[in-house]
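Notes follow the structure.
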Amino acid sequence: MADGADSLMFKPRFSGQTSFFRLPVIEVGNEVDVAICGVPFDGGSTNKTGARDGPRQIRELAHNQIRTVHPTSNVSPFARCRVCDIGDAPVNPLDQQVSLASIAEFFARIARLGVRTLAAGGDHLVSLPILRGLARHHGPLALVHFDSHSDTYDGIFRGSAQLDNGTPFRRAVEEKLIIPEKTVQIGIRGSRFGTDDLAFSIACGMRVVTIDEYFDLGPQQTAALIRDIVGDAKAYLSFDIDALDASFVRGTGAPEIGGFTTREAQVMLRSLNGLDIVGADVVEVCPALDPGGGTALVAANLMFEILDLMAQRVERLRRR
């Protein structure tokens, strides 16, 4: 849980047990501030499957390519707080309901210990059981949602169970897991199924920042808008990798052109310092579509940025 610099100095980064950011892999306890894990489930994918393999590839890239000190603060998040890799949430690829229940219980147990969570998906449906688990302890959460799609559809296929990677945040509103008025969706774009695709988000009070508005505002003003809406509420941050322009992320099931860059994503995330992020995920990385690992490397870097936000928050609370 301490800074991994010692092992980085004396062991090659391609050696040793593979873990997120070369962290120790342990059972979570209340001696941990932030628990990082995988959620290898893609039972909600409506188009291309394979995101179940995302956590493994992201973990490998985080182990091999991410160092310990943040480039702008010049401080290691591992020196600010206690962090560990707790492995993967339990899933059953043959039973969606069993998987959703086991994922929710996994995150509820972590939240009861007062530990923040950072997860690698999996498809975007995994956000729903994670929110179910966290809400048992925290109550409804604010939501910061980076995506090219709103994921507030009622259902994509007729007769479907309406639990898929296009519906998690509609179900989260209906189940009172998130606070719509403290929800911001950033980067929404691309062709739509119908003219009313965004109707639910807007009607329930979510702030939808389309990609056109984003480019009018820029990353720092967009981050200021997010901070203003979320305020001091406990928040969940969800980053669908397809929020980024398709040129940066080949390995995802529903890529969209015309998005923001990896640099702009970094600027936005770094500008969210101060938010009380109690849980977060980076989802929809599909290694089969990008075997070279470029998309997973982007995801690992985004997770490092989110971890740094969490670590700064933990450090600030300790100093009070």
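In the structure tokens, chains take the letters A, B, ... in the order shown, each chain's residues start at 1, and ligands count up from 1 in the order shown.
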
Leaving out stretch 282-285 of chain A and any residue of its chain fewer than 3 positions from it, which residues lie within 6 Å of it when counting only C-alpha atoms, given as a count of residues only? 12

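Residues surrounding A:Ser76 within 8 Å are Asp3, Thr68, Val69, His70 and Asp308 of chain A [only C-alpha atoms; sequence separation below 6 positions excluded].
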
12 Å contact set for A:Ala203, only C-alpha atoms, chain neighbours under 5 positions out, as a list in words: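 Within the cut-off, the hits are Thr152, Arg170, Val173, Pro180, Glu181, Asp196, Asp197, Leu198 and Val208 of chain A.
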
Just want the 6 Å neighbourhood of A:Leu23, counted on only C-alpha atoms, with same-chain residues fewer than 3 positions away dropped. Output as a list in words.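 Skipping anything fewer than 3 positions along the chain leaves Ser19, Phe20, Cys84 and Asp85 of chain A.
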
Nearest candidate to A:Ile188 (options A:Thr295, A:Ser148, A:Asn92, A:Thr117; using only C-alpha atoms):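 Checking each candidate against A:Ile188, we get A:Ser148 as the closest.
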
When you count only C-alpha atoms, which of these residues is closest to A:Leu289: A:Pro255, A:Gly114, A:Ala119, A:Ile103?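 Going through A:Pro255, A:Gly114, A:Ala119, A:Ile103 one by one, the smallest distance to A:Leu289 is for A:Pro255.
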
Expected answer as a ChimeraX atom specification: strand (DSSP E or B) residues in stretch 57-263 of chain A: /A:83-88,116-121,141-146,178-188,207-210,234-240,244,260

Export of prior selection with C-alpha atoms as a compact mmCIF listing (two decimals), in the first residue's frame:
# COMPACT_ATOMS: atom_id res chain seq x y z
CA VAL A 83 -3.92 2.00 -1.95
CA CYS A 84 -4.15 -1.67 -2.90
CA ASP A 85 -5.31 -3.98 -5.68
CA ILE A 86 -8.09 -6.24 -4.36
CA GLY A 87 -8.42 -8.43 -7.42
CA ASP A 88 -11.67 -8.76 -9.33
CA ARG A 116 -13.12 4.41 -1.88
CA THR A 117 -13.22 2.24 -4.99
CA LEU A 118 -11.72 2.54 -8.46
CA ALA A 119 -12.82 -0.13 -10.93
CA ALA A 120 -11.80 -1.25 -14.42
CA GLY A 121 -14.65 -2.67 -16.49
CA LEU A 141 -24.63 9.97 -5.26
CA ALA A 142 -23.81 12.79 -7.64
CA LEU A 143 -22.59 11.49 -10.99
CA VAL A 144 -19.86 12.70 -13.35
CA HIS A 145 -20.30 10.73 -16.57
CA PHE A 146 -17.87 10.96 -19.51
CA ILE A 178 -27.89 8.88 -8.20
CA ILE A 179 -29.08 12.48 -7.89
CA PRO A 180 -30.16 13.63 -11.37
CA GLU A 181 -29.80 17.33 -10.51
CA LYS A 182 -26.18 16.66 -9.53
CA THR A 183 -25.39 14.60 -12.62
CA VAL A 184 -23.30 15.84 -15.55
CA GLN A 185 -22.87 13.91 -18.80
CA ILE A 186 -19.94 15.11 -20.91
CA GLY A 187 -19.09 14.42 -24.56
CA ILE A 188 -22.46 13.15 -25.82
CA ARG A 207 -26.90 18.44 -17.23
CA VAL A 208 -26.01 17.15 -20.68
CA VAL A 209 -22.86 18.65 -22.22
CA THR A 210 -22.90 17.60 -25.87
CA LYS A 234 -20.38 12.56 -2.56
CA ALA A 235 -19.84 11.64 -6.18
CA TYR A 236 -19.33 8.73 -8.53
CA LEU A 237 -17.20 9.22 -11.65
CA SER A 238 -17.77 6.97 -14.66
CA PHE A 239 -15.54 7.19 -17.73
CA ASP A 240 -16.60 5.23 -20.80
CA LEU A 244 -12.60 9.93 -26.34
CA PHE A 260 -12.11 15.12 -27.23

Minimum-distance residue to A:Val115, chosen among A:Asp154, A:Glu60, A:Asp232, A:Glu31 (using only C-alpha atoms):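 Using only C-alpha atoms, A:Val115 sits closest to A:Glu31.
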
Residues of stretch 6-218 of chain A in alpha helix (DSSP H) according to DSSP, as a PyMOL selection string? chain A and resi 6-10+54-65+77-80+96-112+127-138+168-174+199-203+211-217

With only C-alpha atoms as the counted atoms, please give the residues lying no more than 9 Å from A:Leu113, apart from itself and same-chain residues fewer than 3 positions off, as a PDB file with N, CA and C atoms, in the first residue's frame.
ATOM      1  N   VAL A  28      -9.334  -6.438   1.054  1.00  0.00           N
ATOM      2  CA  VAL A  28      -9.567  -5.083   1.520  1.00  0.00           C
ATOM      3  C   VAL A  28      -9.933  -5.083   2.999  1.00  0.00           C
ATOM      4  N   GLY A  29      -9.441  -4.074   3.701  1.00  0.00           N
ATOM      5  CA  GLY A  29      -9.781  -3.859   5.097  1.00  0.00           C
ATOM      6  C   GLY A  29      -9.840  -2.368   5.367  1.00  0.00           C
ATOM      7  N   ASN A  30     -10.179  -1.985   6.589  1.00  0.00           N
ATOM      8  CA  ASN A  30     -10.320  -0.552   6.868  1.00  0.00           C
ATOM      9  C   ASN A  30      -8.982   0.155   7.005  1.00  0.00           C
ATOM     10  N   GLU A  31      -7.874  -0.578   6.791  1.00  0.00           N
ATOM     11  CA  GLU A  31      -6.565   0.079   6.758  1.00  0.00           C
ATOM     12  C   GLU A  31      -6.259   0.616   5.370  1.00  0.00           C
ATOM     13  N   VAL A  32      -7.178   0.443   4.435  1.00  0.00           N
ATOM     14  CA  VAL A  32      -7.013   0.897   3.056  1.00  0.00           C
ATOM     15  C   VAL A  32      -7.864   2.140   2.823  1.00  0.00           C
ATOM     16  N   ALA A 108     -20.576  -3.051  -1.896  1.00  0.00           N
ATOM     17  CA  ALA A 108     -21.211  -2.638  -0.638  1.00  0.00           C
ATOM     18  C   ALA A 108     -20.299  -2.956   0.546  1.00  0.00           C
ATOM     19  N   ARG A 109     -19.666  -4.125   0.491  1.00  0.00           N
ATOM     20  CA  ARG A 109     -18.768  -4.514   1.584  1.00  0.00           C
ATOM     21  C   ARG A 109     -17.581  -3.553   1.689  1.00  0.00           C
ATOM     22  N   ILE A 110     -17.050  -3.137   0.556  1.00  0.00           N
ATOM     23  CA  ILE A 110     -15.932  -2.189   0.561  1.00  0.00           C
ATOM     24  C   ILE A 110     -16.381  -0.839   1.113  1.00  0.00           C
ATOM     25  N   ARG A 116     -12.731   3.967  -0.548  1.00  0.00           N
ATOM     26  CA  ARG A 116     -13.122   4.406  -1.882  1.00  0.00           C
ATOM     27  C   ARG A 116     -12.731   3.342  -2.902  1.00  0.00           C
TER      28      ARG A 116
END

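Proximity to A:Gly294 was assessed for A:Ala246, A:Arg319, A:Ser127, A:Ala199 counting only C-alpha atoms; the smallest distance is recorded for A:Ala246.
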
Go through A:Val314, A:Val126, A:Ala296, A:Ile306 one by one, measure the shortest atom-to-atom distance of each to A:Ala280 using only C-alpha atoms, and give the residue with the smallest value.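 That would be A:Ile306, the residue with the smallest distance to A:Ala280.
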
Taking only C-alpha atoms into account, which of A:Glu256, A:Asp151, A:Glu315, A:Glu305 comes nearest A:Pro71?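 Smallest separation from A:Pro71 among the options: A:Glu305.
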
Hey, can you check how far atom CA of A:Ile229 sits from atom CA of A:Gly190?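 Spanning atom CA of A:Ile229 to atom CA of A:Gly190 is a straight-line distance of 24.8 Å.
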
I'd like the neighbourhood of A:Pro287 as an MDAnalysis selection string, where a residue qualifies if any of its atoms comes within 7 Å (using only C-alpha atoms), though same-chain residues fewer than 3 positions away should be ignored. chainID A and resid 50 53:54 57 251 290:291 293

Next, dump the selected residues to file, keeping only C-alpha atoms, as a PDB file, in the first residue's frame.
ATOM      1  CA  GLY A  50     -15.036  -8.688 -25.172  1.00  0.00           C
ATOM      2  CA  ASP A  53     -11.122  -9.016 -20.825  1.00  0.00           C
ATOM      3  CA  GLY A  54     -10.579  -5.292 -20.215  1.00  0.00           C
ATOM      4  CA  GLN A  57      -5.217  -5.921 -20.071  1.00  0.00           C
ATOM      5  CA  GLY A 251     -10.426  -1.099 -28.683  1.00  0.00           C
ATOM      6  CA  ASP A 290      -6.916  -3.485 -30.031  1.00  0.00           C
ATOM      7  CA  PRO A 291      -4.504  -6.335 -29.255  1.00  0.00           C
ATOM      8  CA  GLY A 293      -2.948  -2.452 -25.938  1.00  0.00           C
TER       9      GLY A 293
END
